[in-house]
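For reference, upload-v6.pdb (PDB, C-alpha atoms and all ligand atoms):
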```pdb
ATOM      1  CA  MET A   1       0.000   0.000   0.000
ATOM      2  CA  SER A   2       1.371   3.435  -0.913
ATOM      3  CA  THR A   3       1.574   6.405   1.435
ATOM      4  CA  GLU A   4      -0.848   8.275  -0.850
ATOM      5  CA  GLU A   5      -3.353   5.472  -0.369
ATOM      6  CA  LEU A   6      -3.034   5.795   3.418
ATOM      7  CA  LEU A   7      -3.904   9.493   3.201
ATOM      8  CA  SER A   8      -6.801   8.849   0.867
ATOM      9  CA  ASN A   9      -8.067   6.118   3.236
ATOM     10  CA  ASN A  10      -7.969   8.686   6.003
ATOM     11  CA  GLU A  11     -10.036  11.131   3.917
ATOM     12  CA  SER A  12     -12.684   8.464   3.355
ATOM     13  CA  TRP A  13     -12.674   7.394   6.986
ATOM     14  CA  ALA A  14     -13.064  10.965   8.315
ATOM     15  CA  THR A  15     -15.873  11.670   5.837
ATOM     16  CA  GLU A  16     -17.651   8.438   6.789
ATOM     17  CA  GLN A  17     -17.489   9.234  10.528
ATOM     18  CA  VAL A  18     -18.979  12.695  10.018
ATOM     19  CA  ARG A  19     -21.690  11.277   7.743
ATOM     20  CA  GLU A  20     -22.716   8.896  10.550
ATOM     21  CA  ASN A  21     -22.368  11.440  13.325
ATOM     22  CA  PRO A  22     -21.762  15.103  12.462
ATOM     23  CA  ASP A  23     -20.399  15.728  15.995
ATOM     24  CA  TYR A  24     -18.030  12.742  15.992
ATOM     25  CA  PHE A  25     -14.754  14.667  15.884
ATOM     26  CA  THR A  26     -16.028  17.521  18.048
ATOM     27  CA  GLU A  27     -16.831  14.952  20.729
ATOM     28  CA  LEU A  28     -13.493  13.170  20.218
ATOM     29  CA  ALA A  29     -11.626  16.476  20.534
ATOM     30  CA  SER A  30     -13.271  17.236  23.885
ATOM     31  CA  GLY A  31     -11.111  14.691  25.752
ATOM     32  CA  GLN A  32     -10.445  11.043  26.509
ATOM     33  CA  ALA A  33     -11.429   8.762  29.384
ATOM     34  CA  PRO A  34     -10.140   5.286  28.525
ATOM     35  CA  ASN A  35     -10.398   2.644  31.213
ATOM     36  CA  HIS A  36      -7.597   0.410  29.913
ATOM     37  CA  LEU A  37      -3.919   0.906  29.220
ATOM     38  CA  TYR A  38      -2.701  -1.581  26.599
ATOM     39  CA  ILE A  39       1.026  -2.263  26.255
ATOM     40  CA  GLY A  40       1.762  -4.398  23.207
ATOM     41  CA  CYS A  41       4.243  -5.217  20.466
ATOM     42  CA  SER A  42       4.810  -2.927  17.466
ATOM     43  CA  ASP A  43       4.319  -5.917  15.148
ATOM     44  CA  SER A  44       2.013  -4.851  12.290
ATOM     45  CA  ARG A  45      -0.042  -8.040  12.683
ATOM     46  CA  VAL A  46      -1.004  -7.261  16.271
ATOM     47  CA  ALA A  47      -3.414  -4.382  15.726
ATOM     48  CA  ALA A  48      -4.588  -3.444  19.209
ATOM     49  CA  SER A  49      -7.811  -1.556  18.437
ATOM     50  CA  THR A  50      -8.890  -3.879  15.625
ATOM     51  CA  MET A  51      -8.453  -7.143  17.525
ATOM     52  CA  LEU A  52     -10.128  -5.730  20.646
ATOM     53  CA  GLY A  53     -12.996  -4.150  18.740
ATOM     54  CA  VAL A  54     -12.571  -0.760  20.362
ATOM     55  CA  GLN A  55     -13.189   2.712  18.987
ATOM     56  CA  PRO A  56     -10.947   5.791  19.257
ATOM     57  CA  GLY A  57     -10.991   7.032  22.857
ATOM     58  CA  GLU A  58     -11.515   3.611  24.417
ATOM     59  CA  ILE A  59      -7.985   2.343  25.107
ATOM     60  CA  PHE A  60      -4.702   4.094  25.867
ATOM     61  CA  VAL A  61      -1.945   2.375  23.899
ATOM     62  CA  HIS A  62       1.812   1.954  24.131
ATOM     63  CA  ARG A  63       3.655  -0.271  21.669
ATOM     64  CA  ASN A  64       7.304  -1.164  21.210
ATOM     65  CA  ILE A  65       9.301  -4.165  20.056
ATOM     66  CA  ALA A  66       8.347  -7.209  22.161
ATOM     67  CA  ASN A  67       6.110  -5.188  24.550
ATOM     68  CA  LEU A  68       8.865  -4.319  27.005
ATOM     69  CA  VAL A  69       8.561  -2.191  30.134
ATOM     70  CA  GLY A  70      12.224  -1.544  30.827
ATOM     71  CA  ASN A  71      13.173  -0.263  34.247
ATOM     72  CA  THR A  72      14.735   2.866  32.683
ATOM     73  CA  ASP A  73      12.466   3.200  29.645
ATOM     74  CA  LEU A  74      11.116   6.716  30.149
ATOM     75  CA  SER A  75       8.668   6.341  27.297
ATOM     76  CA  ALA A  76       6.965   3.227  28.702
ATOM     77  CA  LEU A  77       7.182   4.471  32.306
ATOM     78  CA  GLY A  78       5.801   7.872  31.314
ATOM     79  CA  VAL A  79       2.832   6.221  29.599
ATOM     80  CA  ILE A  80       2.143   4.099  32.703
ATOM     81  CA  ASN A  81       2.424   7.086  35.008
ATOM     82  CA  PHE A  82       0.088   9.208  32.865
ATOM     83  CA  ALA A  83      -2.452   6.409  32.445
ATOM     84  CA  VAL A  84      -2.575   5.566  36.158
ATOM     85  CA  THR A  85      -2.213   9.000  37.715
ATOM     86  CA  HIS A  86      -4.093  11.216  35.265
ATOM     87  CA  LEU A  87      -6.388   9.004  33.205
ATOM     88  CA  GLN A  88      -7.045   6.822  36.265
ATOM     89  CA  VAL A  89      -7.330   3.628  34.229
ATOM     90  CA  ASP A  90      -8.575   0.582  36.150
ATOM     91  CA  HIS A  91      -6.693  -1.985  34.061
ATOM     92  CA  ILE A  92      -3.216  -2.314  32.591
ATOM     93  CA  ILE A  93      -2.776  -5.038  29.977
ATOM     94  CA  VAL A  94       0.591  -6.300  28.773
ATOM     95  CA  CYS A  95      -0.093  -8.232  25.571
ATOM     96  CA  GLY A  96       2.631 -10.299  23.937
ATOM     97  CA  HIS A  97       2.166 -12.494  20.887
ATOM     98  CA  TYR A  98       3.383 -15.823  19.570
ATOM     99  CA  PHE A  99       5.720 -15.573  16.555
ATOM    100  CA  CYS A 100       7.219 -12.360  17.999
ATOM    101  CA  GLY A 101      10.342 -11.373  16.027
ATOM    102  CA  GLY A 102      11.778  -9.538  19.036
ATOM    103  CA  ILE A 103      11.598 -12.648  21.199
ATOM    104  CA  LYS A 104      13.054 -14.755  18.369
ATOM    105  CA  ALA A 105      15.940 -12.301  17.897
ATOM    106  CA  ALA A 106      16.705 -12.408  21.627
ATOM    107  CA  MET A 107      17.144 -16.189  21.330
ATOM    108  CA  THR A 108      19.895 -15.821  18.720
ATOM    109  CA  THR A 109      23.495 -14.733  19.222
ATOM    110  CA  THR A 110      23.668 -12.210  16.365
ATOM    111  CA  ASP A 111      24.812  -8.690  17.270
ATOM    112  CA  LEU A 112      21.964  -6.402  16.194
ATOM    113  CA  GLY A 113      23.585  -3.052  17.041
ATOM    114  CA  ILE A 114      21.425  -0.764  19.171
ATOM    115  CA  LEU A 115      18.840  -3.536  19.356
ATOM    116  CA  SER A 116      21.292  -5.718  21.275
ATOM    117  CA  PRO A 117      21.063  -3.891  24.618
ATOM    118  CA  TYR A 118      17.317  -3.576  24.054
ATOM    119  CA  LEU A 119      16.924  -7.309  23.491
ATOM    120  CA  ARG A 120      19.069  -7.995  26.560
ATOM    121  CA  GLU A 121      15.921  -7.308  28.613
ATOM    122  CA  ILE A 122      14.434 -10.439  27.021
ATOM    123  CA  ARG A 123      17.648 -12.403  27.501
ATOM    124  CA  ASP A 124      17.396 -11.517  31.203
ATOM    125  CA  VAL A 125      13.911 -13.052  31.206
ATOM    126  CA  TYR A 126      15.408 -16.169  29.607
ATOM    127  CA  ARG A 127      18.103 -16.310  32.291
ATOM    128  CA  LEU A 128      15.572 -15.839  35.125
ATOM    129  CA  HIS A 129      13.581 -18.814  33.843
ATOM    130  CA  GLN A 130      16.474 -20.847  32.470
ATOM    131  CA  GLN A 131      15.587 -24.027  34.345
ATOM    132  CA  GLU A 132      12.009 -24.133  33.124
ATOM    133  CA  LEU A 133      13.018 -23.302  29.540
ATOM    134  CA  ALA A 134      15.861 -25.832  29.465
ATOM    135  CA  ALA A 135      13.434 -28.579  30.479
ATOM    136  CA  LEU A 136      11.227 -28.001  27.412
ATOM    137  CA  PRO A 137      11.536 -30.491  24.516
ATOM    138  CA  ASP A 138      12.707 -28.177  21.737
ATOM    139  CA  GLU A 139      13.491 -24.662  20.557
ATOM    140  CA  ALA A 140       9.940 -24.094  19.289
ATOM    141  CA  ALA A 141       8.518 -24.855  22.752
ATOM    142  CA  ARG A 142      11.088 -22.550  24.355
ATOM    143  CA  TYR A 143      10.184 -19.752  21.882
ATOM    144  CA  HIS A 144       6.496 -20.179  22.702
ATOM    145  CA  ARG A 145       7.062 -20.180  26.451
ATOM    146  CA  LEU A 146       9.505 -17.265  26.391
ATOM    147  CA  VAL A 147       6.743 -15.123  24.843
ATOM    148  CA  GLU A 148       4.561 -15.934  27.890
ATOM    149  CA  LEU A 149       7.337 -15.516  30.450
ATOM    150  CA  ASN A 150       8.271 -12.174  28.906
ATOM    151  CA  VAL A 151       4.692 -10.990  29.391
ATOM    152  CA  GLN A 152       4.846 -12.133  33.011
ATOM    153  CA  GLU A 153       8.116 -10.279  33.655
ATOM    154  CA  GLN A 154       6.848  -7.116  31.973
ATOM    155  CA  CYS A 155       3.720  -7.261  34.166
ATOM    156  CA  ILE A 156       6.059  -7.454  37.154
ATOM    157  CA  ASN A 157       7.987  -4.462  35.786
ATOM    158  CA  VAL A 158       4.698  -2.544  35.521
ATOM    159  CA  THR A 159       3.893  -3.429  39.129
ATOM    160  CA  LYS A 160       7.286  -2.216  40.401
ATOM    161  CA  ASN A 161       6.076   1.354  39.904
ATOM    162  CA  PRO A 162       4.841   2.995  43.116
ATOM    163  CA  GLU A 163       1.884   4.718  41.430
ATOM    164  CA  VAL A 164       0.737   1.302  40.186
ATOM    165  CA  GLN A 165       1.121  -0.227  43.655
ATOM    166  CA  ARG A 166      -0.848   2.626  45.225
ATOM    167  CA  ALA A 167      -3.633   2.349  42.644
ATOM    168  CA  MET A 168      -3.794  -1.430  43.184
ATOM    169  CA  ARG A 169      -4.133  -0.882  46.920
ATOM    170  CA  ASP A 170      -6.427   2.162  46.891
ATOM    171  CA  ARG A 171      -8.765   1.591  43.975
ATOM    172  CA  GLY A 172      -8.309  -1.988  42.794
ATOM    173  CA  LEU A 173      -6.244  -1.358  39.645
ATOM    174  CA  GLN A 174      -5.573  -4.689  37.929
ATOM    175  CA  VAL A 175      -2.606  -5.764  35.812
ATOM    176  CA  HIS A 176      -3.310  -8.425  33.172
ATOM    177  CA  GLY A 177      -0.923 -10.596  31.137
ATOM    178  CA  TRP A 178      -2.225 -11.639  27.720
ATOM    179  CA  VAL A 179      -0.803 -13.392  24.675
ATOM    180  CA  PHE A 180      -2.257 -12.915  21.192
ATOM    181  CA  ASP A 181      -2.025 -16.027  19.039
ATOM    182  CA  ILE A 182      -1.561 -14.796  15.479
ATOM    183  CA  ALA A 183      -2.358 -18.268  14.134
ATOM    184  CA  THR A 184      -5.921 -18.233  15.554
ATOM    185  CA  GLY A 185      -6.654 -14.555  16.183
ATOM    186  CA  LYS A 186      -7.489 -15.397  19.799
ATOM    187  CA  ILE A 187      -6.116 -13.762  22.932
ATOM    188  CA  ILE A 188      -5.078 -16.012  25.797
ATOM    189  CA  ASP A 189      -5.352 -14.606  29.315
ATOM    190  CA  LEU A 190      -2.346 -15.910  31.272
ATOM    191  CA  LYS A 191      -4.372 -15.286  34.458
ATOM    192  CA  LEU A 192      -1.364 -13.924  36.308
ATOM    193  CA  ASP A 193      -1.862 -13.040  39.939
ATOM    194  CA  LEU A 194       0.356  -9.978  40.229
ATOM    195  CA  PRO A 195      -0.028  -9.357  43.973
ATOM    196  CA  GLU A 196       0.886 -13.036  44.454
ATOM    197  CA  LEU A 197       3.803 -12.891  41.979
ATOM    198  CA  MET A 198       5.129  -9.709  43.582
ATOM    199  CA  GLN A 199       4.611 -10.736  47.177
ATOM    200  CA  GLU A 200       8.076 -11.929  48.066
ATOM    201  CA  PHE A 201       9.718  -9.004  46.228
ATOM    202  CA  MET A 202       7.444  -6.265  47.562
ATOM    203  CA  THR A 203       9.809  -5.351  50.354
ATOM    204  CA  ILE A 204      12.512  -4.264  47.912
ATOM    205  CA  TYR A 205      10.311  -2.710  45.217
ATOM    206  CA  SER A 206       7.618  -0.904  47.157
ATOM    207  CA  LEU A 207       7.932   2.742  48.067
ATOM    208  CA  LYS A 208       6.024   3.841  51.123
TER     209      LYS A 208
HETATM  210 CO    CO B 301       6.420  -8.903  18.494
END
```
Could you render the structure from this file as structure tokens?
Amino acid sequence: MSTEELLSNNESWATEQVRENPDYFTELASGQAPNHLYIGCSDSRVAASTMLGVQPGEIFVHRNIANLVGNTDLSALGVINFAVTHLQVDHIIVCGHYFCGGIKAAMTTTDLGILSPYLREIRDVYRLHQQELAALPDEAARYHRLVELNVQEQCINVTKNPEVQRAMRDRGLQVHGWVFDIATGKIIDLKLDLPELMQEFMTIYSLK
């Protein structure tokens, strides 16, 4: 698809919205009150709004390669802070996906330049869960499981933030770990229990 086509698609889309509701963009411009923050992969096949069936204004979105929430990633941490503190979302979703190129790349030894330190975050996840991964039958099973474990670790990274901990305690904010299966179109809820997962680490991560 050409860039010109993208712009012409936009023209048609905007015209269609106004035809259906003349106030559509006036209402959209008046503000946003999404209830969910979605953190997902940049992969073009994992289209957050489309696969969740939501309209503009309904979810706050952050995407990067392999849905990482690095401990010093100001972009991801800024999004979380804004979503929790200002938008007051009640749910944070970290959504990974099977067949994730970022996860695959982290399992190889090739030097990928600036991506190497970035992918190290995923290699750390591999190291943390080395025993479990080593026990799996083959590389394909390890690839599959690393996608899930990465989601779990990124959910933990989300929960390390004091504003998230306060919102969990004070107003029941929930953190969810999901995996999108590109081969079926279905999302799998990993049903992670974040307070339980964080329990033994809380003493070092929580800020009073
Ligand atoms: Co990906």
For region 104-122 of chain A, I'd like the enclosing box, axis-aligned and padded by 6 Å on every side, reported as JSON with centre and edge lengths in Å to one decimal.
```
{"center_x": 18.9, "center_y": -8.5, "center_z": 22.4, "size_x": 23.8, "size_y": 27.4, "size_z": 24.4}
```
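Here the PyMOL selection byres (((not hetatm)) within 9 of (chain B and resi 301)) captures the residues Gly40, Cys41, Ser42, Asp43, Ser44, Arg45, Val46, Asn64, Ile65, Ala66, Asn67, Gly96, His97, Tyr98, Phe99, Cys100, Gly101, Gly102, Ile103, Lys104 and Val147 of chain A.
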Residue neighbourhood Val61 (chain A), 10 Å, only C-alpha atoms, exclusion window fewer than 5 positions, as a ChimeraX atom specification: /A:34,36-40,48-49,79-80,83,92-93
Contact residues around Arg145 (chain A) with all atoms listed in the file at 10 Å, ignoring same-chain residues under 6 positions, as a list in words: Tyr98, Tyr126, His129, Glu132, Leu133, Leu136, Glu139 and Val151 of chain A
Once you have the residues from the selection above, write them out as an mmCIF file, in the frame of the given file, restricted to C-alpha atoms.
```cif
data_model
loop_
_atom_site.group_PDB
_atom_site.id
_atom_site.type_symbol
_atom_site.label_atom_id
_atom_site.label_comp_id
_atom_site.auth_asym_id
_atom_site.auth_seq_id
_atom_site.Cartn_x
_atom_site.Cartn_y
_atom_site.Cartn_z
ATOM 1 C CA TYR A 98 3.383 -15.823 19.570
ATOM 2 C CA TYR A 126 15.408 -16.169 29.607
ATOM 3 C CA HIS A 129 13.581 -18.814 33.843
ATOM 4 C CA GLU A 132 12.009 -24.133 33.124
ATOM 5 C CA LEU A 133 13.018 -23.302 29.540
ATOM 6 C CA LEU A 136 11.227 -28.001 27.412
ATOM 7 C CA GLU A 139 13.491 -24.662 20.557
ATOM 8 C CA VAL A 151 4.692 -10.990 29.391
#
```
For Asp189 (chain A), the nearest of the candidates A:Gly177, A:Pro162, A:Gly31, A:Pro22, counting all atoms listed in the file: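 Result for the nearest residue to Asp189 (chain A): A:Gly177.
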What residues come out when you apply the PyMOL selection byres (((chain A and resi 155-159) around 7) and not hetatm) to this file, written as a PDB file with C-alpha atoms, in the coordinates of the input?
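Saved result, part_16.pdb, follows:
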```pdb
ATOM      1  CA  VAL A  69       8.561  -2.191  30.134  1.00  0.00           C
ATOM      2  CA  ASN A  71      13.173  -0.263  34.247  1.00  0.00           C
ATOM      3  CA  VAL A  94       0.591  -6.300  28.773  1.00  0.00           C
ATOM      4  CA  VAL A 151       4.692 -10.990  29.391  1.00  0.00           C
ATOM      5  CA  GLN A 152       4.846 -12.133  33.011  1.00  0.00           C
ATOM      6  CA  GLU A 153       8.116 -10.279  33.655  1.00  0.00           C
ATOM      7  CA  GLN A 154       6.848  -7.116  31.973  1.00  0.00           C
ATOM      8  CA  LYS A 160       7.286  -2.216  40.401  1.00  0.00           C
ATOM      9  CA  ASN A 161       6.076   1.354  39.904  1.00  0.00           C
ATOM     10  CA  VAL A 164       0.737   1.302  40.186  1.00  0.00           C
ATOM     11  CA  GLN A 165       1.121  -0.227  43.655  1.00  0.00           C
ATOM     12  CA  VAL A 175      -2.606  -5.764  35.812  1.00  0.00           C
ATOM     13  CA  GLY A 177      -0.923 -10.596  31.137  1.00  0.00           C
ATOM     14  CA  LEU A 194       0.356  -9.978  40.229  1.00  0.00           C
ATOM     15  CA  MET A 198       5.129  -9.709  43.582  1.00  0.00           C
TER      16      MET A 198
END
```
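You can rank A:Glu58, A:Glu20, A:Leu149, A:Met51 by their closest distance to Ile187 (chain A) using only C-alpha atoms, and at the top of that list sits A:Met51.
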d(CA of Ala140 (chain A), CA of Ile188 (chain A)) in Å: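 Spanning CA of Ala140 (chain A) to CA of Ile188 (chain A) is a straight-line distance of 18.3 Å.
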Shell of 10 Å around Arg166 (chain A), only C-alpha atoms, local chain residues under 3 positions omitted, as a ChimeraX atom specification: /A:84-85,159,161-163,169-173,206-208
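For the atom pair formed by CA of Leu28 (chain A) and CA of Leu77 (chain A), the distance is 25.5 Å, given to one decimal.
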Region 1-18 of chain A surroundings by only C-alpha atoms, 12 Å radius, close-in-sequence under 6 positions cut, as a list of chain:residue names: A:Tyr24, A:Phe25, A:Thr26, A:Glu27, A:Leu28, A:Gln55, A:Pro56
